[in-house]
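Asks: Sending over a structure as structure tokens; questions will come in a sec.
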Amino acid sequence: MGEKQIQEILVVSITLFIAVIVAKVVGSFLPIIAKKLGAVATMRVVLIGGEINAQYGFTYGGDAQEQLNRYQADWAILSVDGVSTSGVTSFHAEETAIDRMMIDRAKQVIIAADYTKIGRAGFSHICSA
């Protein structure tokens with residue numbers, strides 16, 4: 001792997017990590033982030049439909065689960081509300097079903113959580129830490 005490829009992977013990884021955090025905090029940026037990441041030749045972006053929690057920027061429900069069931073991802077990158085000894089958690093029960101399904105359908109999982117989420121437990125359990 002050449003230096004240019006490594007740089008591209010690092011830029012995409014950092015951008016994707018930031019995109020996940022921003023999408024979680026400000027859901028209205030999700031289409032902009034998806035468009036930017038989709039422009040990267042090595043990225044394939046799939047937006048999941050379903051019902052939307054517009055305040056927190058995530059989709060959920062039967063339609064979202066049905067769509068997710070059609071895909072096998074290399075990576076699932078989850079933005080969560082808490083990581084503690086009791087596990088990885090969210091404050092939104094409807095989101096945890098989607099998170100669990102994404103974990104099951106991905107080869108690798110990355111939990112995106114900043115220092116404010118460590119030691120904190122949300123309402124709904126996603127998985128073990």
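Numbering starts fresh at 1 for the residues of each chain in the structure tokens, the chains themselves are lettered A, B, ... in the order given, and ligands are numbered from 1 as they appear.
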At a cut-off of 8 Å, using only C-alpha atoms, what residues contact stretch 99-103 of chain A? Leave out same-chain residues fewer than 2 positions from it and give the result as a short mmCIF file (atom, residue, chain, number, x, y, z; two decimals) with N, CA, C and O atoms, in the first residue's frame.
Replies:
data_model
loop_
_atom_site.label_atom_id
_atom_site.label_comp_id
_atom_site.auth_asym_id
_atom_site.auth_seq_id
_atom_site.Cartn_x
_atom_site.Cartn_y
_atom_site.Cartn_z
N GLN A 65 -35.39 -1.83 9.61
CA GLN A 65 -34.89 -3.18 9.88
C GLN A 65 -34.95 -4.06 8.63
O GLN A 65 -34.01 -4.81 8.35
N LEU A 68 -32.06 -2.96 6.38
CA LEU A 68 -30.77 -3.40 6.92
C LEU A 68 -30.55 -4.89 6.72
O LEU A 68 -29.42 -5.34 6.50
N ASN A 69 -31.61 -5.65 6.77
CA ASN A 69 -31.51 -7.10 6.63
C ASN A 69 -31.00 -7.52 5.24
O ASN A 69 -30.51 -8.64 5.08
N ALA A 76 -19.57 -1.45 10.86
CA ALA A 76 -20.68 -0.71 11.48
C ALA A 76 -20.04 0.27 12.44
O ALA A 76 -19.27 -0.14 13.32
N LEU A 78 -20.99 2.92 15.19
CA LEU A 78 -22.14 3.32 16.00
C LEU A 78 -21.77 4.46 16.94
O LEU A 78 -20.79 4.38 17.67
N GLU A 95 -33.74 3.05 18.90
CA GLU A 95 -32.45 3.05 18.20
C GLU A 95 -31.66 1.77 18.48
O GLU A 95 -30.92 1.29 17.63
N THR A 96 -31.83 1.19 19.67
CA THR A 96 -31.01 0.03 20.04
C THR A 96 -31.29 -1.18 19.16
O THR A 96 -30.37 -1.96 18.87
N ALA A 97 -32.52 -1.37 18.72
CA ALA A 97 -32.83 -2.50 17.83
C ALA A 97 -32.05 -2.37 16.52
O ALA A 97 -31.50 -3.36 16.01
N ARG A 105 -24.95 -7.56 11.40
CA ARG A 105 -24.78 -7.57 9.95
C ARG A 105 -23.41 -7.07 9.49
O ARG A 105 -23.15 -7.01 8.30
N ALA A 106 -22.53 -6.70 10.42
CA ALA A 106 -21.22 -6.17 10.05
C ALA A 106 -20.10 -7.13 10.44
O ALA A 106 -20.21 -7.87 11.41
N GLN A 108 -17.01 -5.97 11.22
CA GLN A 108 -16.28 -5.26 12.27
C GLN A 108 -17.18 -4.16 12.83
O GLN A 108 -18.00 -3.61 12.10
N VAL A 109 -17.00 -3.83 14.11
CA VAL A 109 -17.80 -2.78 14.74
C VAL A 109 -16.88 -1.78 15.43
O VAL A 109 -15.93 -2.16 16.11
N ILE A 126 -27.43 -1.95 24.34
CA ILE A 126 -27.16 -2.34 22.95
C ILE A 126 -26.37 -3.66 22.92
O ILE A 126 -26.74 -4.61 22.26
N CYS A 127 -25.23 -3.67 23.62
CA CYS A 127 -24.36 -4.85 23.64
C CYS A 127 -23.40 -4.77 24.82
O CYS A 127 -23.31 -3.74 25.48
#
Asks: To one decimal in Å, tell me the separation between atom CA of A:His125 and atom CA of A:Ile98.
Replies: 11.9 Å
Asks: Could you tell me how far atom CA of A:Lys107 lies from atom CA of A:Asp74, in Å and to one decimal?
Replies: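 According to the coordinates, atom CA of A:Lys107 and atom CA of A:Asp74 are separated by 5.0 Å.
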Asks: For atom CA of A:Ala64 and atom CA of A:Ala113, quote the distance in Å rounded to one decimal.
Replies: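 Taking atom CA of A:Ala64 and atom CA of A:Ala113, their separation equals 23.1 Å.
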Asks: Run DSSP on the backbone and tell me which residues of stretch 27-101 of chain A come out as strand (DSSP E or B); list them as an mmCIF file with C-alpha atoms, in the first residue's frame.
Replies:
data_model
loop_
_atom_site.group_PDB
_atom_site.id
_atom_site.type_symbol
_atom_site.label_atom_id
_atom_site.label_comp_id
_atom_site.auth_asym_id
_atom_site.auth_seq_id
_atom_site.Cartn_x
_atom_site.Cartn_y
_atom_site.Cartn_z
ATOM 1 C CA GLU A 51 -39.299 6.408 10.677
ATOM 2 C CA ILE A 52 -37.073 9.309 11.662
ATOM 3 C CA ASN A 53 -36.281 10.782 15.028
ATOM 4 C CA PHE A 58 -31.633 8.501 13.380
ATOM 5 C CA THR A 59 -34.071 6.234 11.589
ATOM 6 C CA TYR A 60 -35.762 3.204 13.109
ATOM 7 C CA ALA A 73 -21.378 -4.393 5.844
ATOM 8 C CA ASP A 74 -17.629 -4.463 6.332
ATOM 9 C CA TRP A 75 -17.951 -1.932 9.159
ATOM 10 C CA ALA A 76 -20.679 -0.715 11.479
ATOM 11 C CA ILE A 77 -19.778 2.555 13.153
ATOM 12 C CA LEU A 78 -22.138 3.324 15.995
ATOM 13 C CA SER A 79 -22.455 6.573 17.875
ATOM 14 C CA GLY A 82 -22.905 5.413 27.071
ATOM 15 C CA VAL A 83 -20.049 2.930 27.497
ATOM 16 C CA SER A 84 -19.743 1.438 30.965
ATOM 17 C CA GLY A 87 -22.271 -2.366 28.390
ATOM 18 C CA VAL A 88 -22.874 -0.055 25.455
ATOM 19 C CA THR A 89 -26.133 1.870 25.758
ATOM 20 C CA SER A 90 -28.431 4.448 24.203
#
Asks: Restricting the calculation to only C-alpha atoms: of A:Gln55, A:Thr42, A:Ser124, A:Gln72, which residue gets closest to A:Ala93?
Replies: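 Of A:Gln55, A:Thr42, A:Ser124, A:Gln72, the one nearest A:Ala93, counting only C-alpha atoms, is A:Ser124.
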Asks: Could you check which of A:Arg120, A:Gly49, A:Asp81, A:Ile110 is closest to A:Gly62, using only C-alpha atoms?
Replies: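 Residue with the minimum atom-to-atom distance to A:Gly62: A:Gly49.
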Asks: Could you pull out the alpha helix (DSSP H) residues of stretch 37-110 of chain A from DSSP and send them as number ranges by chain?
Replies: A: 37-38, 62-68, 93-105
Asks: Which residues are near A:Val46? Cut-off 10 Å, only C-alpha atoms, ignore same chain within fewer than 5 positions. Put them as a compact mmCIF listing (two decimals) with N, CA, C and O atoms, in the first residue's frame.
Replies:
# COMPACT_ATOMS: atom_id res chain seq x y z
N ALA A 34 -23.38 12.36 3.96
CA ALA A 34 -23.50 11.21 3.05
C ALA A 34 -23.04 11.57 1.65
O ALA A 34 -22.35 10.79 0.99
N GLY A 38 -19.93 9.84 -0.07
CA GLY A 38 -20.26 9.14 -1.30
C GLY A 38 -19.41 9.56 -2.48
O GLY A 38 -19.26 8.82 -3.46
N LEU A 68 -32.06 -2.96 6.38
CA LEU A 68 -30.77 -3.40 6.92
C LEU A 68 -30.55 -4.89 6.72
O LEU A 68 -29.42 -5.34 6.50
N TYR A 71 -28.40 -6.16 3.72
CA TYR A 71 -27.00 -5.79 3.55
C TYR A 71 -26.08 -6.53 4.51
O TYR A 71 -26.48 -6.90 5.61
Asks: Nearest residue to A:Ala112 out of A:Ser86, A:Val80, A:His92, A:Met43, using only C-alpha atoms?
Replies: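 When distances to A:Ala112 are compared using only C-alpha atoms, the smallest one comes from A:Val80.
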